[in-house]
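Data file: input23.tsv. Format and content: TSV, C-alpha atoms and all ligand atoms.
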```
chain	number	residue	atom	x	y	z
A	951	MET	CA	79.28	95.50	73.48
A	952	THR	CA	77.00	98.50	74.03
A	953	SER	CA	75.52	100.46	71.11
A	954	ARG	CA	77.59	103.52	72.04
A	955	GLU	CA	80.77	101.47	71.88
A	956	LYS	CA	79.74	99.98	68.52
A	957	ASN	CA	78.97	103.41	67.10
A	958	PHE	CA	82.37	104.79	68.02
A	959	ASP	CA	84.08	101.64	66.75
A	960	ARG	CA	82.49	102.30	63.36
A	961	LEU	CA	83.54	105.94	63.46
A	962	ALA	CA	87.17	105.31	64.39
A	963	ARG	CA	88.50	104.96	60.85
A	964	PRO	CA	86.68	107.83	59.09
A	965	TYR	CA	86.58	110.04	62.19
A	966	ARG	CA	89.39	112.37	61.20
A	967	LEU	CA	88.08	112.83	57.66
A	968	LEU	CA	84.48	113.41	58.82
A	969	GLU	CA	85.70	115.92	61.36
A	970	HIS	CA	87.62	117.80	58.71
A	971	ILE	CA	84.63	117.87	56.37
A	972	ALA	CA	82.37	119.16	59.15
A	973	PHE	CA	84.67	121.62	60.91
A	974	GLY	CA	87.70	122.22	58.72
A	975	PRO	CA	90.69	122.87	60.99
A	976	LEU	CA	88.66	124.33	63.87
A	977	LEU	CA	88.15	121.26	66.01
A	978	GLU	CA	91.80	120.27	65.66
A	979	GLN	CA	92.84	123.76	66.77
A	980	ALA	CA	90.49	123.62	69.76
A	981	ARG	CA	91.70	120.13	70.65
A	982	PHE	CA	95.30	121.30	71.03
A	983	ARG	CA	94.58	124.81	72.34
A	984	HIS	CA	95.37	124.27	76.04
A	985	LEU	CA	97.54	121.19	75.93
A	986	ASP	CA	100.71	123.14	76.74
A	987	ARG	CA	99.47	123.24	80.33
A	988	LEU	CA	100.40	119.57	80.58
A	989	LYS	CA	104.06	120.21	79.82
A	990	GLY	CA	106.28	118.29	82.21
A	991	ARG	CA	103.45	116.62	84.16
A	992	GLN	CA	104.10	113.22	85.73
A	993	ARG	CA	100.61	111.67	85.74
A	994	ILE	CA	97.99	112.34	83.09
A	995	LEU	CA	94.49	110.98	82.64
A	996	LEU	CA	92.77	111.21	79.24
A	997	LEU	CA	89.04	110.50	79.14
A	998	GLY	CA	87.31	109.73	75.82
A	999	GLU	CA	90.61	110.07	73.98
A	1000	GLY	CA	89.39	109.07	70.54
A	1001	ASP	CA	91.89	108.28	67.80
A	1002	GLY	CA	95.03	109.32	69.68
A	1003	ARG	CA	95.85	112.75	68.32
A	1004	VAL	CA	95.77	114.30	71.78
A	1005	LEU	CA	97.61	111.34	73.25
A	1006	ALA	CA	100.46	111.67	70.74
A	1007	ARG	CA	100.77	115.39	71.49
A	1008	VAL	CA	100.66	114.80	75.23
A	1009	CYS	CA	103.40	112.16	75.00
A	1010	ALA	CA	105.64	114.73	73.34
A	1011	LEU	CA	104.81	117.47	75.84
A	1012	ALA	CA	105.31	115.29	78.91
A	1013	PRO	CA	108.04	112.78	78.06
A	1014	LEU	CA	108.30	111.51	81.64
A	1015	ALA	CA	104.59	111.17	82.34
A	1016	THR	CA	102.69	107.97	82.86
A	1017	ILE	CA	99.37	108.27	81.13
A	1018	ASP	CA	96.03	106.56	81.61
A	1019	CYS	CA	94.19	106.68	78.29
A	1020	LEU	CA	90.57	105.68	78.64
A	1021	ASP	CA	88.00	105.19	75.93
A	1022	LEU	CA	84.93	103.03	75.49
A	1023	SER	CA	85.83	102.04	71.93
A	1024	SER	CA	88.46	99.37	71.27
A	1025	ALA	CA	88.84	100.60	67.67
A	1026	MET	CA	89.64	104.13	68.87
A	1027	LEU	CA	92.13	102.76	71.39
A	1028	ASN	CA	93.81	100.65	68.68
A	1029	ARG	CA	94.26	103.71	66.52
A	1030	ALA	CA	95.59	105.70	69.45
A	1031	GLN	CA	98.09	102.96	70.25
A	1032	ALA	CA	99.27	102.79	66.64
A	1033	ARG	CA	100.26	106.46	66.69
A	1034	LEU	CA	102.88	105.99	69.40
A	1035	SER	CA	106.47	104.86	69.31
A	1036	PRO	CA	107.18	101.59	71.13
A	1037	ALA	CA	108.90	103.58	73.89
A	1038	ASP	CA	105.91	105.86	74.44
A	1039	ARG	CA	103.54	102.88	74.42
A	1040	THR	CA	105.23	101.48	77.52
A	1041	ARG	CA	104.18	104.46	79.62
A	1042	VAL	CA	100.56	104.54	78.52
A	1043	ARG	CA	97.91	102.35	80.11
A	1044	PHE	CA	95.18	101.84	77.51
A	1045	ARG	CA	91.87	101.23	79.25
A	1046	GLN	CA	88.70	100.26	77.45
A	1047	GLU	CA	86.29	101.53	80.07
A	1048	ASP	CA	83.32	103.77	80.59
A	1049	ALA	CA	84.48	107.09	82.03
A	1050	ARG	CA	81.28	107.27	84.08
A	1051	THR	CA	82.05	104.14	86.03
A	1052	ALA	CA	85.84	103.75	85.77
A	1053	ASP	CA	87.83	103.39	88.95
A	1054	LEU	CA	90.04	106.49	88.89
A	1055	ALA	CA	92.81	106.52	91.44
A	1056	PRO	CA	93.03	109.58	93.71
A	1057	GLY	CA	95.54	112.07	92.34
A	1058	THR	CA	94.79	111.33	88.70
B	1	LIG	C1	83.55	112.43	69.33
B	1	LIG	S1	84.90	111.42	69.90
B	1	LIG	C2	86.04	112.69	70.45
B	1	LIG	C3	87.38	112.12	70.75
B	1	LIG	C4	88.42	113.10	71.28
B	1	LIG	N1	88.06	113.65	72.57
B	1	LIG	C5	88.73	114.16	70.27
B	1	LIG	O1	88.62	115.32	70.58
B	1	LIG	O2	89.08	113.80	69.16
B	1	LIG	C6	84.24	110.83	71.46
B	1	LIG	C7	85.11	109.74	72.07
B	1	LIG	O3	84.70	109.50	73.39
B	1	LIG	C8	84.52	108.11	73.61
B	1	LIG	N2	83.47	107.95	74.61
B	1	LIG	C9	82.17	108.29	74.50
B	1	LIG	N3	81.51	108.04	75.64
B	1	LIG	C10	82.43	107.53	76.50
B	1	LIG	C11	82.39	107.07	77.86
B	1	LIG	N4	81.25	107.09	78.54
B	1	LIG	N5	83.53	106.62	78.41
B	1	LIG	C12	84.69	106.59	77.73
B	1	LIG	N6	84.80	107.00	76.45
B	1	LIG	C13	83.69	107.48	75.85
B	1	LIG	C14	84.17	107.53	72.26
B	1	LIG	O4	84.46	106.16	72.15
B	1	LIG	C15	85.02	108.40	71.33
B	1	LIG	O5	86.31	107.87	71.13
```
Step by step, read the file and then write its structure as structure tokens.
Amino acid sequence: MTSREKNFDRLARPYRLLEHIAFGPLLEQARFRHLDRLKGRQRILLLGEGDGRVLARVCALAPLATIDCLDLSSAMLNRAQARLSPADRTRVRFRQEDARTADLAPGT
């Protein structure tokens, strides 16, 4: 486990609270600002997803999409997974990988 991965594993649980203390609602607003552009898409790739708030929103916006959700931290990915319904979970591939070296299929 790399130190970066460990750091984000430790942050996964308090991340939302720390974010709110630091930025109030601003980061959450920015996070969702342009997501509507993904409405109805079929293939979606999320890099450095974090705790799954974007993933949950994207699942709702694109109910037919298959989604690759990539993050270095297993704790973040676990939290992201826990946000989804069992049905949505079946169309998300959770990948604990480094975005800098991940094998990303053409078209994603
Ligand atoms: C500060 S959090 C932000 C999460 C999310 N993008 C959000 O807006 O809430 C950064 C996330 O990126 C992940 N991350 C950092 N470097 C990464 C890398 N090289 N490859 C994949 N994920 C990475 C971390 O594990 C963490 O979940």
If you count only C-alpha atoms, which residues fall within 12 Å of segment 1023-1025 of chain A, apart from same-chain ones fewer than 5 positions away, as a PyMOL selection string?
chain A and resi 951-965+997-1002+1030-1032+1044-1049
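Nearest-residue note for Gln992 of chain A: choosing from A:Ile1017, A:Val1004, A:Phe973, A:Glu978, the minimum distance belongs to A:Ile1017, counting all atoms listed in the file.
Checking A:Leu968, A:Ala1052, A:Leu1011, A:Leu976 one by one against Lys989 of chain A, counting only C-alpha atoms, you find the shortest gap at A:Leu1011.
Of note, atom CA of Arg966 of chain A and atom CA of Thr1016 of chain A are spaced 25.8 Å apart.
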Every residue with an atom at most 12 Å from (109.9, 114.6, 77.4) (file coordinates; all atoms listed in the file) is what I'm after, so could you write them as an MDAnalysis selection string?
chainID A and resid 988:992 1006:1016 1037:1038 1041
Residues within 12 Å of Gln979 of chain A, please, as a ChimeraX atom specification. Count all atoms listed in the file; anything in the same chain fewer than 4 positions from it doesn't count.
/A:969-970,973-975,983-985,1003-1004
With C-alpha atoms retained, write the just-selected residues as an mmCIF file, in the coordinates of the input.
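And here's selection.cif as it stands now:
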```
data_model
loop_
_atom_site.group_PDB
_atom_site.id
_atom_site.type_symbol
_atom_site.label_atom_id
_atom_site.label_comp_id
_atom_site.auth_asym_id
_atom_site.auth_seq_id
_atom_site.Cartn_x
_atom_site.Cartn_y
_atom_site.Cartn_z
ATOM 1 C CA GLU A 969 85.700 115.920 61.360
ATOM 2 C CA HIS A 970 87.620 117.800 58.710
ATOM 3 C CA PHE A 973 84.670 121.620 60.910
ATOM 4 C CA GLY A 974 87.700 122.220 58.720
ATOM 5 C CA PRO A 975 90.690 122.870 60.990
ATOM 6 C CA ARG A 983 94.580 124.810 72.340
ATOM 7 C CA HIS A 984 95.370 124.270 76.040
ATOM 8 C CA LEU A 985 97.540 121.190 75.930
ATOM 9 C CA ARG A 1003 95.850 112.750 68.320
ATOM 10 C CA VAL A 1004 95.770 114.300 71.780
#
```
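Closest approach to ligand LIG 1 (chain B) among A:Leu995, A:Val1042, A:Ala1055, A:Ala980 is made by A:Ala980 (distances from all atoms listed in the file).
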Computed interatomic separation between atom CA of Arg981 of chain A and atom C3 of ligand LIG 1 (chain B) (Å):
9.1 Å
